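Worksheet for the structure shown next.
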Amino acid sequence: MKTKLITLTAVAISTLAVADVNAGSRLIATSGVTQLEGGAGGGLTPWAVISGYADEGEYSIGAFHTSTDVQDFRLKVNGVSASYDNRFEISAALQSFEIKGVAGDLRQEIYGAKYRIYGDAIYSALPQVAAGIQYKRLLDGDIADAVGAEDSDSGIDYYVSATKVHLAAVAGYHFLWNATLRATQANQMGLLGYGGDDESGYTLQPEVSALVLLTDDLALGAEYRKKPDNLSAFDEDSFSDLFVAWFPNKNVNLTLAYADLGSIAGSEDQDGFYFSISSWFK
Amino acid sequence: MIKKLTCIAALFTGLACFNVAQADDYYQELGGKEGVEKIVDNFINEISFDQNIVKFFEGTDITRLREKLIEQFCHESGGPCEYTGDSMKDVHAGMKITKAEFNRVVELLQAAMDDAGTPQTAQNRLIRSLAPMRPDIIHQ
């Protein structure tokens with residue numbers, strides 16, 4: 001895992017030296033970053049933006065690594081994404097969740113697809129709107145079974161997102177907001193299974209992000225992601241973070257965040273740093 | 001300062017303070033006459049070095065282009081000028097400009113403003129003023 005991180009960092013640093021190799025034509029930073037489940041967005045939540053920089057008739061291919069360390073848990077996510085025509089995005093991600101004192105990772109695969117329905121986040125008067133799904137498959141479901149999950153094999157999230165950039169709107173700085181509504185059964189994104197003894201069905205969860213661009217390639221923002229609370233054994237809290245995202249060129253993004261993940265599987269007040277790197281090769 | 005704080009507070013409550021700083025009067029922030037001329041000169045220079053964009057300017061009277069761009073940027077930023085050029089739709093008719101080419105020209109303008117030392121907020125305001133022209137420029 002460490003080698004993977006070092007490799008990705010090396011790839012990223014080497015791309016820093018050369019500007020915009022094979023990059024698509026959209027403006028810098030309009031790729032967004034990559035969220036915990038592999039979709040283009042903020043760090044926690046998918047946005048209506050389509051991954052990479054491809055505009056009409058262009059395609060994009062990218063990879064990412066995200067690592068979050070909190071007191072009792074570590075989450076590492078590796079994945080890839082592709083997009084076409086600034087219209088359609090697919091992604092695949094593998095989450096590895098490590099629990100302090102417990103042998104073996106808890107792994108979940110997530111396959112995502114997103115379709116831009118309407119608009120352009122910058123140029124249309126109304127927000128850019130997209131709809132997406134995330135198919136989640138838990139590879140290690142024993143813990144999910146043990147904590148009372150209804151289903152420890154797989155689940156599907158459905159979401160709709162709206163993203164809007166308001167040019168020069170905050171004291172002359174560009175302002176972006178995103179609002180996402182997700183229908184989900186997942187406990188802790190699915191790492192603890194899908195549905196529970198308190199609530200087994202789908203619930204609607206809001207997720208919001210806001211940022212300002214301090215320069216064309218540096219964003220400062222905050223996010224909030226509400227989550228279900230399906231299990232009687234544990235309380236589940238919302239996620240939130242404060243982040244800085246840097247886009248040195250169209251081939252790489254580096255994001256650093258301070259994330260508050262709340263209560264996870266009985267461990268209260270889990271917070272810590274979040275680091276993510278996304279690379280776009282085309 | 002109060003306005004700035006209000007905006008920051010609004011940002012974190014998820015409400016925006018759009019258009020609070022709307023006043024389209026940032027000509028001085030662009031550097032006045034001298035600043036706008038420098039931006040336009042840099043912009044034309046950037047265009048002339050971009051192989052995918054320069055083709056649209058074959059046969060263009062560059063002296064006139066420079067004059068009209070200066071008028072336009074001056075007018076849009078609230079400066080003491082009238083834009084006397086043709087409409088954006090007429091200027092770009094038949095060019096079949098793609099979104100990619102449009103984005104590239106935005107990048108060239110940003111580079112031109114960077115080179116002119118234009119403050120970020122003034123750059124952003126000029127981009128905001130010009131952005132609504134996009135439907136009259138692309139796919140014509």
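Identifiers in this document derive from the order of the structure tokens: chains are assigned A, B, ..., residues are numbered from 1 separately in each chain, and ligands are numbered from 1 in order of occurrence.
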
Please, which residues in chain A fall within 7 Å of chain B when counting only C-alpha atoms, and what is the closest atom pair and distance in Å to one decimal for each, ordered by chain then residue number, as a Markdown table?
| residue | atom | partner | partner_atom | distance |
| --- | --- | --- | --- | --- |
| A:Ser25 | CA | B:Ala100 | CA | 5.1 |
| A:Arg26 | CA | B:Asn103 | CA | 6.2 |
| A:Leu27 | CA | B:Asn103 | CA | 6.4 |
| A:Asp55 | CA | B:Ala100 | CA | 6.5 |
| A:Glu56 | CA | B:Lys99 | CA | 7.0 |
| A:Tyr123 | CA | B:Ala131 | CA | 6.7 |
| A:Leu167 | CA | B:Arg128 | CA | 5.4 |
| A:Ala168 | CA | B:Asn124 | CA | 5.1 |
| A:Ala169 | CA | B:Phe18 | CA | 5.0 |
| A:Val170 | CA | B:Cys7 | CA | 5.9 |
| A:Ala171 | CA | B:Ala21 | CA | 5.9 |
| A:Gly172 | CA | B:Thr121 | CA | 4.4 |
| A:Tyr173 | CA | B:Thr121 | CA | 5.7 |
| A:His174 | CA | B:Asn124 | CA | 7.0 |
| A:Ala210 | CA | B:Leu11 | CA | 6.7 |
| A:Thr215 | CA | B:Gln120 | CA | 6.6 |

Keeping N, CA and C atoms, export the residues of the selection given above as a PDB file, in the first residue's frame.
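Output file out.pdb is given in full below:
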ATOM      1  N   SER A  25      -9.700  20.060 -22.637  1.00  0.00           N
ATOM      2  CA  SER A  25      -9.706  21.496 -22.883  1.00  0.00           C
ATOM      3  C   SER A  25     -10.457  22.306 -21.834  1.00  0.00           C
ATOM      4  N   ARG A  26     -11.104  21.653 -20.867  1.00  0.00           N
ATOM      5  CA  ARG A  26     -11.838  22.447 -19.880  1.00  0.00           C
ATOM      6  C   ARG A  26     -10.876  23.254 -19.027  1.00  0.00           C
ATOM      7  N   LEU A  27     -11.394  24.295 -18.400  1.00  0.00           N
ATOM      8  CA  LEU A  27     -10.542  25.203 -17.631  1.00  0.00           C
ATOM      9  C   LEU A  27      -9.996  24.522 -16.372  1.00  0.00           C
ATOM     10  N   ASP A  55     -13.866  18.017 -22.771  1.00  0.00           N
ATOM     11  CA  ASP A  55     -15.063  18.763 -23.178  1.00  0.00           C
ATOM     12  C   ASP A  55     -15.704  18.035 -24.365  1.00  0.00           C
ATOM     13  N   GLU A  56     -16.545  18.693 -25.119  1.00  0.00           N
ATOM     14  CA  GLU A  56     -17.302  17.997 -26.170  1.00  0.00           C
ATOM     15  C   GLU A  56     -16.358  17.231 -27.113  1.00  0.00           C
ATOM     16  N   TYR A 123     -20.996  28.365 -17.203  1.00  0.00           N
ATOM     17  CA  TYR A 123     -21.598  29.239 -18.201  1.00  0.00           C
ATOM     18  C   TYR A 123     -23.118  29.277 -18.237  1.00  0.00           C
ATOM     19  N   LEU A 167     -19.012  33.372 -10.869  1.00  0.00           N
ATOM     20  CA  LEU A 167     -17.758  34.058 -11.173  1.00  0.00           C
ATOM     21  C   LEU A 167     -17.632  35.345 -10.366  1.00  0.00           C
ATOM     22  N   ALA A 168     -16.447  35.531  -9.791  1.00  0.00           N
ATOM     23  CA  ALA A 168     -16.116  36.769  -9.072  1.00  0.00           C
ATOM     24  C   ALA A 168     -17.176  37.148  -8.034  1.00  0.00           C
ATOM     25  N   ALA A 169     -17.834  36.158  -7.440  1.00  0.00           N
ATOM     26  CA  ALA A 169     -19.012  36.447  -6.613  1.00  0.00           C
ATOM     27  C   ALA A 169     -18.694  36.794  -5.162  1.00  0.00           C
ATOM     28  N   VAL A 170     -17.557  36.342  -4.655  1.00  0.00           N
ATOM     29  CA  VAL A 170     -17.234  36.616  -3.254  1.00  0.00           C
ATOM     30  C   VAL A 170     -16.019  37.542  -3.209  1.00  0.00           C
ATOM     31  N   ALA A 171     -16.297  38.833  -3.062  1.00  0.00           N
ATOM     32  CA  ALA A 171     -15.229  39.833  -3.027  1.00  0.00           C
ATOM     33  C   ALA A 171     -14.280  39.684  -4.220  1.00  0.00           C
ATOM     34  N   GLY A 172     -14.843  39.325  -5.368  1.00  0.00           N
ATOM     35  CA  GLY A 172     -14.032  39.203  -6.580  1.00  0.00           C
ATOM     36  C   GLY A 172     -13.473  37.809  -6.813  1.00  0.00           C
ATOM     37  N   TYR A 173     -13.685  36.900  -5.867  1.00  0.00           N
ATOM     38  CA  TYR A 173     -13.203  35.529  -6.046  1.00  0.00           C
ATOM     39  C   TYR A 173     -14.346  34.632  -6.535  1.00  0.00           C
ATOM     40  N   HIS A 174     -13.973  33.661  -7.368  1.00  0.00           N
ATOM     41  CA  HIS A 174     -14.975  32.713  -7.856  1.00  0.00           C
ATOM     42  C   HIS A 174     -15.466  31.852  -6.697  1.00  0.00           C
ATOM     43  N   ALA A 210     -18.929  23.828  -0.511  1.00  0.00           N
ATOM     44  CA  ALA A 210     -18.768  25.214  -0.958  1.00  0.00           C
ATOM     45  C   ALA A 210     -17.290  25.550  -0.944  1.00  0.00           C
ATOM     46  N   THR A 215      -6.927  31.457  -6.274  1.00  0.00           N
ATOM     47  CA  THR A 215      -6.333  31.737  -7.585  1.00  0.00           C
ATOM     48  C   THR A 215      -7.019  30.775  -8.549  1.00  0.00           C
TER      49      THR A 215
END

Inset, instruction - Using only C-alpha atoms, determine which residues lie at most 12 Å from Val77 of chain A, disregarding the query and same-chain residues fewer than 2 positions distant; provide the list as a ChimeraX atom specification. - result: /A:1,4-5,34-39,43,63-69,74-75,79-80,92-98,105-110,274-278

Legend entry - Residues near Asn187 of chain A, cut-off 9 Å, only C-alpha atoms, skip fewer than 6 positions along chain, as a PyMOL selection string: chain A and resi 144+149+193-196+227-231+236

Would you save the residues of that selection, restricted to N, CA and C atoms, as an mmCIF file, in the first residue's frame?
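Contents of part_23.cif, freshly written:
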data_model
loop_
_atom_site.group_PDB
_atom_site.id
_atom_site.type_symbol
_atom_site.label_atom_id
_atom_site.label_comp_id
_atom_site.auth_asym_id
_atom_site.auth_seq_id
_atom_site.Cartn_x
_atom_site.Cartn_y
_atom_site.Cartn_z
ATOM 1 N N ALA A 144 -19.775 -6.589 9.068
ATOM 2 C CA ALA A 144 -21.121 -6.070 8.777
ATOM 3 C C ALA A 144 -22.197 -7.014 9.332
ATOM 4 N N ALA A 149 -26.005 -5.634 10.210
ATOM 5 C CA ALA A 149 -26.403 -5.111 8.896
ATOM 6 C C ALA A 149 -27.433 -6.041 8.261
ATOM 7 N N GLY A 193 -21.802 -2.631 5.797
ATOM 8 C CA GLY A 193 -22.970 -3.246 5.168
ATOM 9 C C GLY A 193 -24.039 -2.246 4.775
ATOM 10 N N TYR A 194 -25.218 -2.791 4.432
ATOM 11 C CA TYR A 194 -26.288 -1.984 3.847
ATOM 12 C C TYR A 194 -27.588 -2.287 4.585
ATOM 13 N N GLY A 195 -28.183 -1.257 5.159
ATOM 14 C CA GLY A 195 -29.401 -1.423 5.947
ATOM 15 C C GLY A 195 -29.082 -2.012 7.312
ATOM 16 N N GLY A 196 -30.020 -1.812 8.249
ATOM 17 C CA GLY A 196 -29.758 -2.327 9.586
ATOM 18 C C GLY A 196 -31.040 -2.647 10.325
ATOM 19 N N LYS A 227 -25.331 11.203 6.773
ATOM 20 C CA LYS A 227 -25.347 9.764 6.520
ATOM 21 C C LYS A 227 -26.498 9.114 7.293
ATOM 22 N N PRO A 228 -26.911 7.920 6.844
ATOM 23 C CA PRO A 228 -27.995 7.246 7.555
ATOM 24 C C PRO A 228 -27.513 6.782 8.941
ATOM 25 N N ASP A 229 -28.457 6.361 9.761
ATOM 26 C CA ASP A 229 -28.110 5.808 11.081
ATOM 27 C C ASP A 229 -28.965 4.558 11.258
ATOM 28 N N ASN A 230 -28.554 3.489 10.578
ATOM 29 C CA ASN A 230 -29.403 2.296 10.436
ATOM 30 C C ASN A 230 -29.215 1.247 11.520
ATOM 31 N N LEU A 231 -28.055 1.268 12.180
ATOM 32 C CA LEU A 231 -27.725 0.184 13.102
ATOM 33 C C LEU A 231 -28.058 0.561 14.540
ATOM 34 N N GLU A 236 -24.327 6.547 14.017
ATOM 35 C CA GLU A 236 -23.532 6.983 12.862
ATOM 36 C C GLU A 236 -23.731 8.472 12.658
#

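Across the structure, atom CA of Tyr27 of chain B and atom CA of Cys74 of chain B are spaced 6.5 Å apart.
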
Legend entry - Selection: 8 Å around Ile133 of chain A, only C-alpha atoms, excl. self and same-chain fewer than 3 positions, as a count of residues only: 7

Inset, instruction - Assign secondary structure with DSSP using the backbone only, and return the residues of segment 13-76 of chain A in helix (DSSP H, G or I) as a ChimeraX atom specification. - result: /A:13-16

Dump of N, CA, C and O atoms for the selected residues, as a compact mmCIF listing (two decimals), in the first residue's frame:
# COMPACT_ATOMS: atom_id res chain seq x y z
N ILE A 13 4.40 14.09 -9.03
CA ILE A 13 5.48 15.07 -8.99
C ILE A 13 6.13 15.21 -10.37
O ILE A 13 6.44 16.30 -10.81
N SER A 14 6.26 14.05 -11.06
CA SER A 14 6.88 14.14 -12.38
C SER A 14 6.00 14.92 -13.36
O SER A 14 6.49 15.58 -14.25
N THR A 15 4.68 14.84 -13.15
CA THR A 15 3.81 15.60 -14.05
C THR A 15 3.81 17.09 -13.70
O THR A 15 3.40 17.91 -14.50
N LEU A 16 4.28 17.42 -12.49
CA LEU A 16 4.34 18.84 -12.12
C LEU A 16 5.31 19.59 -13.03
O LEU A 16 5.16 20.77 -13.29

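For the pair atom CA of Phe175 of chain A and atom CA of Ala125 of chain A, the separation is 14.2 Å.
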
Could you give me, as a tab-separated table, every segment 84-159 of chain A residue with an atom at most 12 Å from segment 250-266 of chain A, plus its closest atom pair and distance in Å to one decimal, counting only C-alpha atoms, rows ordered by chain then number?
residue	atom	partner	partner_atom	distance
A:Phe97	CA	A:Ile264	CA	11.7
A:Ile99	CA	A:Ala265	CA	9.9
A:Lys100	CA	A:Ala265	CA	11.7
A:Ile143	CA	A:Ala265	CA	10.1
A:Ala144	CA	A:Ala265	CA	10.2
A:Ala146	CA	A:Ala265	CA	11.3
A:Val147	CA	A:Ala265	CA	8.5
A:Gly148	CA	A:Ala265	CA	11.4

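Using only C-alpha atoms for every distance, the candidate list A:Ala162, A:Ala245, A:Ala130, A:Ala40 yields A:Ala162 as the residue closest to Pro206 of chain A.
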
Inset, instruction - List the neighbours of Ser161 of chain A out to 10 Å using only C-alpha atoms; skip same-chain residues closer than 6 positions along the sequence, and give me the result as a PyMOL selection string. - result: chain A and resi 41+45-49+114+116-117+127-132+178-182+206-208
